[in-house]
$ cat final.txt   # compact mmCIF, C-alpha atoms
# COMPACT_ATOMS: atom_id res chain seq x y z
CA MET A 1 -7.55 -9.59 18.36
CA LYS A 2 -9.46 -11.43 15.62
CA ILE A 3 -8.54 -9.78 12.34
CA GLY A 4 -10.14 -10.38 8.96
CA VAL A 5 -7.78 -10.04 6.00
CA THR A 6 -9.18 -9.71 2.49
CA GLY A 7 -6.87 -10.76 -0.32
CA ALA A 8 -5.18 -13.07 2.16
CA GLU A 9 -3.81 -15.41 -0.49
CA GLY A 10 -2.14 -12.61 -2.43
CA ARG A 11 1.56 -11.74 -2.57
CA VAL A 12 1.23 -9.23 0.28
CA GLY A 13 -1.68 -10.96 1.98
CA GLN A 14 0.23 -14.13 2.82
CA TYR A 15 2.93 -12.12 4.57
CA VAL A 16 0.33 -10.09 6.46
CA VAL A 17 -1.47 -13.23 7.64
CA ASN A 18 1.77 -14.77 8.90
CA GLU A 19 2.85 -11.50 10.53
CA LEU A 20 -0.43 -11.35 12.46
CA LEU A 21 -0.28 -15.01 13.48
CA ASN A 22 3.31 -14.59 14.64
CA HIS A 23 2.15 -11.81 16.96
CA GLN A 24 -0.61 -13.86 18.60
CA HIS A 25 -3.54 -12.50 16.63
CA GLU A 26 -6.36 -14.71 15.40
CA VAL A 27 -6.85 -14.38 11.65
CA VAL A 28 -9.76 -14.88 9.28
CA ALA A 29 -8.26 -15.26 5.80
CA ILE A 30 -10.81 -13.95 3.29
CA THR A 31 -10.24 -15.06 -0.30
CA MET A 32 -12.07 -15.10 -3.63
CA GLU A 33 -11.73 -18.89 -3.90
CA PRO A 34 -11.16 -21.52 -1.18
CA TRP A 35 -7.55 -21.44 0.03
CA ALA A 36 -6.61 -25.04 0.81
CA GLU A 37 -3.25 -24.14 2.35
CA SER A 38 -4.49 -21.28 4.51
CA PRO A 39 -2.72 -21.19 7.90
CA ALA A 40 -5.85 -19.64 9.42
CA GLU A 41 -9.61 -19.92 9.18
CA ASN A 42 -10.57 -19.35 5.55
CA ARG A 43 -13.77 -17.66 4.42
CA VAL A 44 -14.73 -17.07 0.79
CA ALA A 45 -16.11 -13.73 -0.37
CA ASP A 46 -16.17 -11.57 -3.48
CA ILE A 47 -15.27 -8.01 -2.44
CA THR A 48 -17.64 -6.61 -5.07
CA VAL A 49 -20.61 -8.34 -3.40
CA TYR A 50 -21.55 -6.55 -0.17
CA ASP A 51 -23.54 -9.37 1.43
CA GLN A 52 -20.61 -11.77 1.05
CA LEU A 53 -18.20 -9.38 2.76
CA PHE A 54 -20.71 -8.65 5.52
CA GLN A 55 -20.93 -12.37 6.27
CA ALA A 56 -17.16 -12.85 6.03
CA PHE A 57 -16.53 -10.06 8.56
CA GLN A 58 -18.83 -11.60 11.19
CA GLY A 59 -17.04 -12.14 14.50
CA CYS A 60 -13.97 -10.10 13.58
CA ASP A 61 -12.61 -7.29 15.73
CA ALA A 62 -10.87 -5.44 12.89
CA ILE A 63 -10.31 -5.71 9.14
CA ILE A 64 -7.30 -5.33 6.88
CA HIS A 65 -8.53 -4.82 3.31
CA LEU A 66 -5.89 -5.83 0.76
CA ALA A 67 -7.98 -7.38 -2.00
CA GLY A 68 -8.21 -5.71 -5.38
CA ILE A 69 -6.54 -5.50 -8.77
CA PRO A 70 -2.94 -4.43 -8.04
CA ASN A 71 -2.11 -2.38 -11.14
CA PRO A 72 -3.70 -0.96 -14.31
CA LEU A 73 -2.01 -3.46 -16.60
CA GLN A 74 -3.71 -6.71 -15.60
CA ASP A 75 -7.28 -6.02 -16.65
CA ASP A 76 -9.71 -3.74 -18.43
CA GLU A 77 -9.57 -0.17 -17.10
CA THR A 78 -13.21 -0.06 -16.08
CA ARG A 79 -12.91 -3.35 -14.22
CA VAL A 80 -9.80 -2.17 -12.35
CA PHE A 81 -11.56 1.00 -11.21
CA GLN A 82 -14.88 -0.65 -10.39
CA THR A 83 -13.36 -3.59 -8.51
CA ASN A 84 -11.05 -1.49 -6.37
CA THR A 85 -13.49 1.26 -5.48
CA THR A 86 -16.44 -1.08 -4.91
CA GLY A 87 -14.23 -3.29 -2.76
CA VAL A 88 -13.22 -0.43 -0.47
CA PHE A 89 -16.79 0.84 -0.23
CA ASN A 90 -18.17 -2.60 0.60
CA ALA A 91 -15.42 -3.29 3.14
CA ALA A 92 -15.99 0.02 4.91
CA LEU A 93 -19.78 -0.31 4.81
CA ALA A 94 -19.71 -3.87 6.15
CA ALA A 95 -17.23 -3.00 8.88
CA GLY A 96 -19.27 0.05 9.85
CA ASN A 97 -22.59 -1.79 9.92
CA LEU A 98 -20.97 -4.46 12.12
CA ASN A 99 -19.69 -1.75 14.48
CA LEU A 100 -16.09 -2.81 13.97
CA PRO A 101 -13.78 -0.14 15.40
CA LYS A 102 -10.86 -0.52 12.97
CA LEU A 103 -10.30 -0.86 9.25
CA VAL A 104 -6.95 -0.64 7.48
CA ILE A 105 -6.97 -0.40 3.69
CA ALA A 106 -4.21 -0.83 1.12
CA SER A 107 -3.93 2.41 -0.76
CA SER A 108 -0.97 3.26 -2.98
CA ASP A 109 1.45 6.05 -3.80
CA CYS A 110 -0.08 5.77 -7.28
CA ALA A 111 -2.82 8.02 -5.88
CA LEU A 112 -0.34 10.88 -6.28
CA GLY A 113 -0.51 10.63 -10.07
CA ILE A 114 3.14 10.03 -10.95
CA THR A 115 3.36 6.26 -11.40
CA PHE A 116 1.43 4.86 -14.41
CA SER A 117 0.69 8.40 -15.56
CA HIS A 118 -0.20 8.80 -19.24
CA GLN A 119 2.01 11.87 -19.39
CA LEU A 120 5.27 12.75 -17.67
CA THR A 121 4.38 14.27 -14.30
CA SER A 122 6.93 15.95 -12.06
CA PRO A 123 6.36 16.11 -8.30
CA ALA A 124 5.21 19.46 -6.91
CA TYR A 125 7.90 19.12 -4.25
CA LEU A 126 10.18 16.55 -2.66
CA PRO A 127 10.18 14.45 -0.61
CA LEU A 128 6.64 13.26 -1.26
CA ASP A 129 4.34 13.25 1.76
CA GLU A 130 0.66 12.81 2.53
CA ASP A 131 -0.11 16.47 1.71
CA HIS A 132 1.34 16.33 -1.80
CA PRO A 133 -1.22 17.18 -4.52
CA THR A 134 -3.00 14.19 -6.04
CA ALA A 135 -3.80 14.10 -9.77
CA PRO A 136 -3.81 10.53 -11.12
CA ASP A 137 -4.95 10.07 -14.71
CA ASN A 138 -5.09 6.26 -14.84
CA CYS A 139 -7.66 3.74 -13.63
CA TYR A 140 -5.50 2.34 -10.84
CA GLY A 141 -4.29 5.62 -9.36
CA LEU A 142 -7.82 7.02 -9.54
CA SER A 143 -9.23 3.93 -7.83
CA LYS A 144 -6.78 4.37 -4.95
CA LEU A 145 -7.51 8.07 -4.58
CA VAL A 146 -11.26 7.43 -4.57
CA GLY A 147 -10.67 4.64 -2.04
CA GLU A 148 -9.05 7.16 0.29
CA GLN A 149 -12.02 9.49 -0.15
CA ILE A 150 -14.41 6.63 0.62
CA ALA A 151 -12.40 5.90 3.77
CA GLU A 152 -12.63 9.55 4.84
CA GLY A 153 -16.40 9.57 4.43
CA MET A 154 -17.02 6.22 6.09
CA ALA A 155 -14.82 7.06 9.08
CA LYS A 156 -16.96 10.17 9.55
CA ARG A 157 -20.22 8.27 9.04
CA PHE A 158 -19.52 5.43 11.46
CA GLY A 159 -17.07 7.07 13.87
CA MET A 160 -14.59 4.29 13.20
CA SER A 161 -10.84 4.34 12.69
CA ILE A 162 -9.78 3.86 9.07
CA LEU A 163 -6.13 4.03 8.07
CA SER A 164 -5.22 4.23 4.38
CA LEU A 165 -1.68 2.95 3.97
CA ARG A 166 -0.19 4.56 0.87
CA ILE A 167 2.26 1.79 0.09
CA SER A 168 5.01 2.02 -2.50
CA ALA A 169 6.04 -0.72 -4.94
CA VAL A 170 6.10 -3.95 -2.91
CA LEU A 171 9.19 -6.05 -3.64
CA ASN A 172 10.69 -9.25 -2.26
CA THR A 173 13.95 -11.19 -2.28
CA GLU A 174 13.09 -12.95 -5.54
CA ILE A 175 12.49 -9.65 -7.31
CA TYR A 176 15.80 -8.24 -6.04
CA LYS A 177 17.56 -10.92 -8.11
CA ALA A 178 15.33 -10.67 -11.18
CA ASP A 179 16.79 -9.59 -14.50
CA TRP A 180 14.35 -6.70 -14.89
CA PHE A 181 15.23 -5.34 -11.45
CA ILE A 182 18.96 -5.41 -12.24
CA HIS A 183 18.22 -3.80 -15.63
CA ASP A 184 16.29 -0.97 -13.98
CA LEU A 185 19.14 -0.31 -11.56
CA HIS A 186 21.36 0.46 -14.53
CA ASN A 187 18.67 2.43 -16.36
CA PRO A 188 17.50 5.01 -13.82
CA GLU A 189 15.20 6.84 -16.24
CA ARG A 190 12.63 4.10 -15.52
CA GLY A 191 12.18 5.46 -12.03
CA VAL A 192 10.87 8.81 -13.27
CA THR A 193 7.48 7.20 -13.95
CA ASP A 194 7.87 4.19 -11.66
CA ASN A 195 7.33 5.24 -8.03
CA LEU A 196 10.30 7.67 -8.19
CA TRP A 197 12.68 4.82 -7.37
CA THR A 198 10.85 4.07 -4.12
CA TYR A 199 9.78 0.67 -2.82
CA ILE A 200 8.89 -1.29 0.29
CA ASP A 201 10.05 -4.79 1.15
CA VAL A 202 7.07 -7.12 1.55
CA ARG A 203 8.22 -8.04 5.07
CA ASP A 204 8.22 -4.40 6.11
CA CYS A 205 4.87 -3.92 4.39
CA ALA A 206 3.32 -6.73 6.42
CA ARG A 207 4.69 -5.25 9.64
CA ALA A 208 3.24 -1.86 8.74
CA PHE A 209 -0.23 -3.36 8.35
CA ARG A 210 0.09 -5.12 11.71
CA LEU A 211 1.19 -1.94 13.45
CA ALA A 212 -1.66 -0.05 11.79
CA VAL A 213 -4.36 -2.48 12.90
CA GLU A 214 -2.92 -2.52 16.43
CA ALA A 215 -2.86 1.29 16.66
CA ASP A 216 -5.56 3.40 18.30
CA ILE A 217 -5.93 6.33 15.91
CA PRO A 218 -9.30 8.08 15.60
CA GLY A 219 -10.86 9.05 12.29
CA HIS A 220 -9.19 8.62 8.93
CA GLU A 221 -5.49 9.02 8.27
CA ILE A 222 -3.43 8.55 5.12
CA ILE A 223 0.02 7.18 5.94
CA THR A 224 2.94 6.76 3.54
CA ILE A 225 4.71 3.41 3.76
CA ALA A 226 8.04 3.14 1.94
CA SER A 227 11.64 2.15 2.46
CA HIS A 228 14.09 4.72 3.79
CA GLU A 229 16.18 4.23 0.64
CA THR A 230 15.74 4.17 -3.12
CA ARG A 231 16.00 1.22 -5.46
CA ALA A 232 18.71 2.98 -7.42
CA ILE A 233 22.49 2.88 -7.69
CA VAL A 234 22.64 6.57 -8.60
CA ARG A 235 22.69 8.91 -5.61
CA SER A 236 19.41 10.68 -4.89
CA GLU A 237 20.81 14.19 -5.26
CA ASP A 238 22.14 13.24 -8.69
CA LEU A 239 18.74 11.86 -9.72
CA ILE A 240 17.12 15.12 -8.66
CA ALA A 241 19.68 17.19 -10.57
CA ARG A 242 19.19 15.05 -13.67
CA TYR A 243 15.41 14.63 -13.75
CA PHE A 244 13.85 17.22 -11.42
CA PRO A 245 16.24 20.20 -11.28
CA ASN A 246 13.45 22.74 -10.76
CA THR A 247 11.48 20.83 -8.13
CA GLU A 248 11.21 22.40 -4.67
CA LEU A 249 13.14 20.52 -1.98
CA ARG A 250 11.38 20.82 1.37
CA LYS A 251 13.85 18.54 3.12
CA PRO A 252 17.37 17.50 2.10
CA ILE A 253 17.56 14.23 0.14
CA GLN A 254 21.06 12.81 0.10
CA GLY A 255 22.91 9.59 -0.53
CA PHE A 256 20.38 6.92 -1.44
CA GLN A 257 17.63 8.45 0.69
CA SER A 258 14.05 7.79 -0.41
CA PHE A 259 11.98 10.35 -2.27
CA GLN A 260 9.10 9.62 0.11
CA ASP A 261 8.77 11.11 3.59
CA CYS A 262 7.65 8.43 6.07
CA SER A 263 7.87 10.58 9.19
CA LYS A 264 4.10 10.28 9.73
CA ALA A 265 4.40 6.48 9.82
CA LYS A 266 7.15 6.83 12.41
CA ARG A 267 5.09 9.27 14.47
CA LEU A 268 1.74 7.44 14.39
CA LEU A 269 2.78 3.79 14.03
CA ASN A 270 6.39 3.77 15.21
CA PHE A 271 7.13 2.23 11.82
CA GLU A 272 10.46 2.37 10.04
CA ALA A 273 11.49 0.02 7.26
CA LYS A 274 14.18 -2.51 8.19
CA PHE A 275 14.82 -4.55 5.06
CA SER A 276 16.95 -3.41 2.14
CA TRP A 277 17.49 -4.78 -1.36
CA ARG A 278 21.14 -3.82 -0.91
CA GLU A 279 21.52 -6.48 1.77
CA GLU A 280 20.65 -9.21 -0.72
CA GLU A 281 23.50 -10.88 -2.58
CA GLN A 282 23.29 -9.90 -6.21
CA ASN A 283 25.45 -8.74 -9.05
CA VAL A 284 24.61 -5.09 -9.68
$ encode --input "final.txt" --output "C-alpha cells"
Amino acid sequence: MKIGVTGAEGRVGQYVVNELLNHQHEVVAITMEPWAESPAENRVADITVYDQLFQAFQGCDAIIHLAGIPNPLQDDETRVFQTNTTGVFNAALAAGNLNLPKLVIASSDCALGITFSHQLTSPAYLPLDEDHPTAPDNCYGLSKLVGEQIAEGMAKRFGMSILSLRISAVLNTEIYKADWFIHDLHNPERGVTDNLWTYIDVRDCARAFRLAVEADIPGHEIITIASHETRAIVRSEDLIARYFPNTELRKPIQGFQSFQDCSKAKRLLNFEAKFSWREEEQNV
C-alpha cells in the first residue's frame, strides 16, 4: 500500500515512516519543508493550504495525518486551533475528493478536557474510554475534539474510513532518562493535570498507526491508544484514593495499571502496547 504521511519529519512521524517501510509499505513523506534525509519519497505541503495537500496526496492509497502543533504551549492559541482544525479538514477533504478509502488522524486524549485544563478537572469515571464526556477548555484540546467531529462528518460525506487515534503523551527512551521525567515520578501530583499518568511509547504509537491504516473498519471510529501501565511509581489504587476518591470506578484499576481503557484498540486493531519505561535502565 502507498501511504502518505503528513508531519513525517516530526518526532512521531519518523517512527511511523520507518514502521511502514519495515512492513513493506511504500511511503510518501509529506513535510512543511524539504526533508533531505527522508528515507522515502518526500513531498512538500502546508496542511493549511488545501491545494497543496490535494497535490501531495496524489497517487496514495491511504493517508496518515500527523502534522499539526502538538501542544498549546508552543504557539499563539488561535494559531494552534486554526492550524490543527484546518489541517484535519483539508486532509479529510483532499482524501475524500481523491476517493481514498482510508484516513487515520492523530487525535489526543487532551480532547477529554483533563490535560492542559485551565481548571482542575476530575474524570467522570475511570478508566477513561472513548465514551467519556469531552469538555476541553484549551486551544489544543478543543482543536483535537473538533478534529474528531470533522472526521465524523467527512466519513459520512465520502463513505470513507477515518480512524481518530486518541493518543496519550508520546514518550521515548531519551525522555525516560530525562531529569524532568524522574522528577515527575517522585512528584505524582503532576499527573492529575498531565494525562492522568498515562503515556505511550513512540514505538508502540507508530505500530498503532500502522495497524490502523492496515485495518478495514467502516465509517469513523475514535480509538484510545495508551500504554497498559502508568508513568508513576505510586500504585494506581493509591493515586485514585489520594486524588480521585469520589470518582466512579467502572473497572478495577490495580498495581500500576493505566487509567485509560484500550480494549477497543485491542478489539478493532489487535493493538496492545509492548514497550515500558520501567524496562529502561534509570535511577528512579
$ atom_distance --input "final.txt" --atom1 "CA of Pro72 (chain A)" --atom2 "CA of Leu185 (chain A)"
23.0 Å
$ residues_near_point --input "final.txt" --point "(8.9, 10.4, -15.3)" --cutoff "9 Å" --atoms "all atoms listed in the file" --output "list in words"
Ile114, Thr115, Ser117, Gln119, Leu120, Thr121, Ser122, Glu189, Arg190, Gly191, Val192, Thr193, Asp194, Leu196 and Tyr243 of chain A
$ residues_around --input "final.txt" --residues "Ile47 (chain A)" --least-positions-apart "2" --cutoff "10 Å" --atoms "all atoms listed in the file" --output "PyMOL selection string"
chain A and resi 6-7+30-32+44-45+49-54+56+65+67-68+83-91
$ atom_distance --input "final.txt" --atom1 "CA of His25 (chain A)" --atom2 "CA of Arg210 (chain A)"
9.6 Å
$ closest_residue --input "final.txt" --among "A:Ile167, A:Ile182, A:Ala208, A:Leu98" --to "Asp261 (chain A)" --atoms "only C-alpha atoms"
A:Ile167
$ closest_residue --input "final.txt" --among "A:Gly113, A:Pro245, A:Gly4, A:Pro218" --to "Ala94 (chain A)" --atoms "only C-alpha atoms"
A:Gly4
$ closest_residue --input "final.txt" --among "A:Val104, A:Ala178, A:Leu126, A:Thr198" --to "Ile162 (chain A)" --atoms "only C-alpha atoms"
A:Val104
$ closest_residue --input "final.txt" --among "A:Trp180, A:Tyr15, A:Tyr125, A:Phe57" --to "Phe244 (chain A)" --atoms "all atoms listed in the file"
A:Tyr125
$ residues_around --input "final.txt" --residues "Leu128 (chain A)" --least-positions-apart "5" --cutoff "10 Å" --atoms "only C-alpha atoms" --output "PyMOL selection string"
chain A and resi 109+112+123+133+196+224+249-251+258-262
$ closest_residue --input "final.txt" --among "A:Asn172, A:Asn99, A:Asn195, A:Thr134" --to "Met160 (chain A)" --atoms "all atoms listed in the file"
A:Asn99
$ atom_distance --input "final.txt" --atom1 "CA of Asp61 (chain A)" --atom2 "CA of Val12 (chain A)"
20.8 Å
$ closest_residue --input "final.txt" --among "A:Phe271, A:Phe181, A:Phe256, A:Phe81" --to "Ser143 (chain A)" --atoms "all atoms listed in the file"
A:Phe81
$ residues_around --input "final.txt" --residues "Ile175 (chain A)" --least-positions-apart "4" --cutoff "12 Å" --atoms "all atoms listed in the file" --output "number ranges by chain"
A: 169-171, 179-184, 199-202, 231, 277, 280, 282
$ axis_aligned_box --input "final.txt" --around "region 7-19 of chain A" --padding-each-side "8 Å" --output "AutoDock Vina command-line options"
--center_x -2.0 --center_y -12.3 --center_z 4.0 --size_x 25.8 --size_y 22.2 --size_z 29.1
$ decode --input "final.txt" --residues "region 66-96 of chain A" --atoms "N, CA and C atoms" --output "mmCIF file, in the first residue's frame"
data_model
loop_
_atom_site.group_PDB
_atom_site.id
_atom_site.type_symbol
_atom_site.label_atom_id
_atom_site.label_comp_id
_atom_site.auth_asym_id
_atom_site.auth_seq_id
_atom_site.Cartn_x
_atom_site.Cartn_y
_atom_site.Cartn_z
ATOM 1 N N LEU A 66 -0.536 13.279 10.658
ATOM 2 C CA LEU A 66 0.104 13.557 11.942
ATOM 3 C C LEU A 66 0.416 15.032 12.144
ATOM 4 N N ALA A 67 0.515 15.779 11.073
ATOM 5 C CA ALA A 67 1.008 17.158 11.146
ATOM 6 C C ALA A 67 0.083 18.055 11.961
ATOM 7 N N GLY A 68 0.693 18.986 12.660
ATOM 8 C CA GLY A 68 -0.057 19.949 13.458
ATOM 9 C C GLY A 68 0.827 20.490 14.560
ATOM 10 N N ILE A 69 0.282 21.362 15.360
ATOM 11 C CA ILE A 69 1.008 21.904 16.513
ATOM 12 C C ILE A 69 0.704 21.004 17.703
ATOM 13 N N PRO A 70 1.725 20.403 18.347
ATOM 14 C CA PRO A 70 1.499 19.276 19.259
ATOM 15 C C PRO A 70 1.092 19.615 20.682
ATOM 16 N N ASN A 71 0.985 20.873 21.032
ATOM 17 C CA ASN A 71 0.513 21.232 22.368
ATOM 18 C C ASN A 71 0.145 22.719 22.379
ATOM 19 N N PRO A 72 -0.506 23.192 23.449
ATOM 20 C CA PRO A 72 -0.942 24.596 23.472
ATOM 21 C C PRO A 72 0.125 25.567 23.930
ATOM 22 N N LEU A 73 1.331 25.074 24.177
ATOM 23 C CA LEU A 73 2.367 25.904 24.781
ATOM 24 C C LEU A 73 3.361 26.458 23.775
ATOM 25 N N GLN A 74 3.332 25.958 22.541
ATOM 26 C CA GLN A 74 4.360 26.302 21.570
ATOM 27 C C GLN A 74 4.020 27.496 20.692
ATOM 28 N N ASP A 75 2.761 27.935 20.725
ATOM 29 C CA ASP A 75 2.372 28.996 19.799
ATOM 30 C C ASP A 75 1.163 29.742 20.339
ATOM 31 N N ASP A 76 0.772 30.773 19.624
ATOM 32 C CA ASP A 76 -0.424 31.533 19.954
ATOM 33 C C ASP A 76 -1.651 30.622 19.919
ATOM 34 N N GLU A 77 -2.576 30.826 20.850
ATOM 35 C CA GLU A 77 -3.741 29.946 20.957
ATOM 36 C C GLU A 77 -4.544 29.867 19.665
ATOM 37 N N THR A 78 -4.772 31.014 19.038
ATOM 38 C CA THR A 78 -5.568 30.994 17.814
ATOM 39 C C THR A 78 -4.865 30.224 16.705
ATOM 40 N N ARG A 79 -3.540 30.340 16.649
ATOM 41 C CA ARG A 79 -2.802 29.622 15.612
ATOM 42 C C ARG A 79 -2.825 28.116 15.870
ATOM 43 N N VAL A 80 -2.716 27.705 17.124
ATOM 44 C CA VAL A 80 -2.801 26.280 17.453
ATOM 45 C C VAL A 80 -4.138 25.719 16.984
ATOM 46 N N PHE A 81 -5.218 26.393 17.350
ATOM 47 C CA PHE A 81 -6.552 25.903 16.996
ATOM 48 C C PHE A 81 -6.769 25.914 15.486
ATOM 49 N N GLN A 82 -6.417 27.017 14.847
ATOM 50 C CA GLN A 82 -6.647 27.135 13.408
ATOM 51 C C GLN A 82 -5.814 26.137 12.615
ATOM 52 N N THR A 83 -4.552 25.993 12.970
ATOM 53 C CA THR A 83 -3.675 25.070 12.241
ATOM 54 C C THR A 83 -4.172 23.638 12.354
ATOM 55 N N ASN A 84 -4.494 23.216 13.565
ATOM 56 C CA ASN A 84 -4.872 21.823 13.769
ATOM 57 C C ASN A 84 -6.220 21.483 13.148
ATOM 58 N N THR A 85 -7.193 22.357 13.299
ATOM 59 C CA THR A 85 -8.513 22.057 12.742
ATOM 60 C C THR A 85 -8.523 22.192 11.221
ATOM 61 N N THR A 86 -7.873 23.222 10.704
ATOM 62 C CA THR A 86 -7.792 23.380 9.248
ATOM 63 C C THR A 86 -7.031 22.220 8.624
ATOM 64 N N GLY A 87 -5.976 21.770 9.298
ATOM 65 C CA GLY A 87 -5.205 20.646 8.780
ATOM 66 C C GLY A 87 -6.027 19.383 8.654
ATOM 67 N N VAL A 88 -6.812 19.066 9.675
ATOM 68 C CA VAL A 88 -7.668 17.874 9.617
ATOM 69 C C VAL A 88 -8.724 18.026 8.525
ATOM 70 N N PHE A 89 -9.346 19.202 8.461
ATOM 71 C CA PHE A 89 -10.373 19.412 7.437
ATOM 72 C C PHE A 89 -9.787 19.259 6.039
ATOM 73 N N ASN A 90 -8.656 19.895 5.786
ATOM 74 C CA ASN A 90 -8.037 19.811 4.462
ATOM 75 C C ASN A 90 -7.609 18.389 4.129
ATOM 76 N N ALA A 91 -7.060 17.675 5.110
ATOM 77 C CA ALA A 91 -6.632 16.292 4.868
ATOM 78 C C ALA A 91 -7.824 15.407 4.527
ATOM 79 N N ALA A 92 -8.910 15.568 5.269
ATOM 80 C CA ALA A 92 -10.098 14.753 5.014
ATOM 81 C C ALA A 92 -10.759 15.126 3.693
ATOM 82 N N LEU A 93 -10.812 16.421 3.395
ATOM 83 C CA LEU A 93 -11.424 16.864 2.140
ATOM 84 C C LEU A 93 -10.608 16.397 0.944
ATOM 85 N N ALA A 94 -9.295 16.525 1.025
ATOM 86 C CA ALA A 94 -8.441 16.084 -0.079
ATOM 87 C C ALA A 94 -8.527 14.577 -0.269
ATOM 88 N N ALA A 95 -8.469 13.831 0.822
ATOM 89 C CA ALA A 95 -8.568 12.373 0.720
ATOM 90 C C ALA A 95 -9.918 11.964 0.145
ATOM 91 N N GLY A 96 -10.974 12.631 0.595
ATOM 92 C CA GLY A 96 -12.303 12.305 0.088
ATOM 93 C C GLY A 96 -12.464 12.635 -1.384
#
